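Scroll down for the structure; my scribbles are underneath it.
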Amino acid sequence: MPNLAKKYVDQKFVLELLDLFDSEDPRERDFLKTCLHRIYGKFLGLRSFIRKQVNNIFLRFIYETEKFNGVGELLEILGSIINGFALPLKAEHKTFLLKILVPLHKAKTLGLYHAQLAYCVVQFLEKDPTLTDPVVRGLLKFWPKTCSQKEVMFLGEMEEILDVIEPSQFQKIQEPLFRQIARCVSSPHFQVAERALYYWNNEYLMGLIEENSNVILPIMFPALYRISKEHWNQTIIALVYNVSDLTRLIGKKNEEKRKREKICGRS
């Protein structure tokens with residue numbers, strides 16, 4: 001079938017197909033997604049061209065128009081493509097992550113495609129953990145200043161990243177990351193503060209915090225203390241007391257551990 005179709009499915013066909021992704025009809029975009037995905041799978045000679053043209057669409061969207069209806073559908077296709085990337089990752093793929101996927105977070109319409117974008121980012125980090133540092137720092141650079149809805153989305157994605165992060169990579173980004181989390185916990189917006197405080201319900205993250213408490217607790221304690229005295233929302237204050245209890249417990253455990261190590265060192 002591909003041999004028969006090669007006469008018709010060429011670069012010009014792909015360009016016209018990609019243009020149709022700007023349709024306002026989600027049903028049409030869904031059919032186009034299936035078509036493009038199958039073309040990518042069957043026509044190996046067109047793969048590089050398809051990736052390059054999708055890159056161009058995203059670059060125009062990020063830096064010129066901020067308008068293209070099919071961003072979510074294209075990201076969905078890319079999610080399964082990234083899953084099939086061979087290791088080690090090519091420089092082209094790393095550039096796509098850092099120069100396109102990360103800047104896609106700054107668009108005002110992020111909510112329309114954020115789930116697909118976050119999935120792509122996490123797929124990359126599972127394949128190559130060394131990319132965690134530049135990705136997290138990139139997200140911190142684009143962290144929303146005035147849109148609480150986007151901030152909640154960023155917090156959700158950051159927790160997804162932390163769920164797959166390696167301890168060695170966590171240590172590289174813990175300080176700038178928790179300075180941002182401390183700002184989120186201190187947010188007057190209820191949902192932002194709540195989402196940040198829910199990080200302490202994550203068992204894997206709590207383990208990382210415990211291992212690196214000497215860095216993280218001095219960043220978090222002043223924010224937690226201030227909120228416990230000043231925040232307007234009683235639910236947030238209750239959550240803060242729970243988090244404060246957990247952080248105090250971590251501090252106490254680490255102090256006991258240091259004492260034991262000191263005693264063992266003398267004997």
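Just remember, in the structure tokens the first chain shown is A, the second B, etc., residues are 1-based per chain, and ligands are 1-based in the order shown.
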
Problem set entry | Neighbour list for segment 162-167 of chain A as a ChimeraX atom specification, cut-off 7 Å, only C-alpha atoms, skip fewer than 6 positions in-chain | /A:126,129,204-205,208

Deliver the residues from the most recent selection as a file, using C-alpha atoms, as a PDB file, in the first residue's frame.
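Output below, filename selection-v8.pdb:
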```
ATOM      1  CA  GLU A 126      12.055   9.366  31.318  1.00  0.00           C
ATOM      2  CA  PRO A 129      17.133  12.123  32.932  1.00  0.00           C
ATOM      3  CA  TYR A 204       8.368   9.881  46.654  1.00  0.00           C
ATOM      4  CA  LEU A 205       8.777  13.664  46.899  1.00  0.00           C
ATOM      5  CA  LEU A 208      13.584  13.497  48.367  1.00  0.00           C
TER       6      LEU A 208
END
```

For segment 10-45 of chain A against segment 79-92 of chain A, with a cut-off of 10 Å and counting only C-alpha atoms, what is the closest atom pair and its distance in Å to one decimal for every residue that makes the cut, ordered by chain and number, as CSV?
```
residue,atom,partner,partner_atom,distance
A:His37,CA,A:Ile81,CA,8.8
A:Tyr40,CA,A:Ile81,CA,8.8
A:Gly41,CA,A:Ile81,CA,9.1
```

Would you export the selected residues with N, CA and C atoms as a PDB file, in the first residue's frame, please?
```
ATOM      1  N   HIS A  37      -0.635  10.425  11.759  1.00  0.00           N
ATOM      2  CA  HIS A  37       0.079   9.412  12.544  1.00  0.00           C
ATOM      3  C   HIS A  37       0.373   8.175  11.693  1.00  0.00           C
ATOM      4  N   TYR A  40       3.101   8.952   9.172  1.00  0.00           N
ATOM      5  CA  TYR A  40       4.404   8.957   9.844  1.00  0.00           C
ATOM      6  C   TYR A  40       4.908   7.529  10.061  1.00  0.00           C
ATOM      7  N   GLY A  41       3.994   6.638  10.411  1.00  0.00           N
ATOM      8  CA  GLY A  41       4.369   5.247  10.665  1.00  0.00           C
ATOM      9  C   GLY A  41       4.742   4.478   9.413  1.00  0.00           C
TER      10      GLY A  41
END
```

Exercise. So which one's closest to Ala115 of chain A, A:His93, A:Glu160, A:Phe31, A:Pro134? Using only C-alpha atoms, please.
Worked result: A:Glu160

Problem set entry | Selection: 10 Å around segment 50-59 of chain A, only C-alpha atoms, excl. self and same-chain fewer than 5 positions, as a list in words | Gln11, Val14, Leu15, Leu18, Asp19, Leu36, Ile39, Tyr40, Gly45, Glu64, Thr65, Glu66, Lys67, Phe68, Gly70, Val71, Leu74, Leu75, Leu78, Ile81, Glu92, His93, Phe96, Lys99, Ile100, Leu101, Pro103 and Leu104 of chain A

Resulting file, chosen residues, C-alpha atoms, as an mmCIF file, in the first residue's frame:
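Contents of selection-v8.cif, freshly written:
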```cif
data_model
loop_
_atom_site.group_PDB
_atom_site.id
_atom_site.type_symbol
_atom_site.label_atom_id
_atom_site.label_comp_id
_atom_site.auth_asym_id
_atom_site.auth_seq_id
_atom_site.Cartn_x
_atom_site.Cartn_y
_atom_site.Cartn_z
ATOM 1 C CA GLN A 11 5.837 16.578 0.889
ATOM 2 C CA VAL A 14 1.865 16.582 4.003
ATOM 3 C CA LEU A 15 2.037 20.404 3.984
ATOM 4 C CA LEU A 18 -0.820 20.060 8.247
ATOM 5 C CA ASP A 19 -2.579 23.290 7.188
ATOM 6 C CA LEU A 36 -0.879 11.997 9.940
ATOM 7 C CA ILE A 39 1.564 8.449 7.344
ATOM 8 C CA TYR A 40 4.404 8.957 9.844
ATOM 9 C CA GLY A 45 11.173 8.878 4.074
ATOM 10 C CA GLU A 64 4.330 35.149 15.950
ATOM 11 C CA THR A 65 0.643 34.247 16.022
ATOM 12 C CA GLU A 66 -0.232 32.368 19.256
ATOM 13 C CA LYS A 67 -3.107 31.035 17.169
ATOM 14 C CA PHE A 68 -3.338 27.512 15.784
ATOM 15 C CA GLY A 70 -4.384 21.909 16.183
ATOM 16 C CA VAL A 71 -1.555 22.295 18.724
ATOM 17 C CA LEU A 74 -0.022 17.575 16.956
ATOM 18 C CA LEU A 75 1.385 17.198 20.478
ATOM 19 C CA LEU A 78 4.411 13.663 19.030
ATOM 20 C CA ILE A 81 6.634 9.502 18.382
ATOM 21 C CA GLU A 92 17.723 17.375 17.028
ATOM 22 C CA HIS A 93 15.298 15.822 19.534
ATOM 23 C CA PHE A 96 13.008 20.246 20.039
ATOM 24 C CA LYS A 99 13.598 25.243 22.175
ATOM 25 C CA ILE A 100 9.998 24.313 21.334
ATOM 26 C CA LEU A 101 8.244 22.225 23.980
ATOM 27 C CA PRO A 103 8.619 27.717 25.306
ATOM 28 C CA LEU A 104 5.157 26.370 24.385
#
```

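Nearest to Val215 of chain A of all the residues A:Phe43, A:Phe61, A:Trp200, A:Phe178 is A:Phe178, counting only C-alpha atoms.
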
For this session: Skip Lys141 of chain A itself and residues of its chain fewer than 5 positions away, then list as an MDAnalysis selection string all residues within 12 Å of it, counting only C-alpha atoms.
Result: chainID A and resid 102:103 105:106 134:136 154 176:177 180

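With distances restricted to only C-alpha atoms, A:Ser148 is the closest residue to Arg195 of chain A from A:Asn212, A:Gln234, A:Ser148, A:Ser228.
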
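Proximity ranking of A:Asn202, A:Asn242, A:Ser48, A:Thr146 relative to Pro188 of chain A places A:Thr146 first, based on only C-alpha atoms.
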
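The space separating atom CA of Glu151 of chain A from atom CA of Arg60 of chain A comes to 24.1 Å.
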
Problem set entry | Those of segment 90-192 of chain A in DSSP helix (DSSP H, G or I), formatted as a PyMOL selection string | chain A and resi 91-101+103-106+110-112+114-127+129-141+148-164+167-185+190-192

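Here the question is which of A:Asp30, A:Glu175, A:Glu76, A:Asp22 gets nearest to Gln123 of chain A using only C-alpha atoms, and that residue is A:Glu76.
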
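If you measure from each of A:Ile236, A:Ile173, A:Ala182, A:Ile209 to Glu194 of chain A using only C-alpha atoms, the closest one turns out to be A:Ile236.
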
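The coordinates place atom CA of Ala193 of chain A at 13.0 Å from atom CA of Met220 of chain A.
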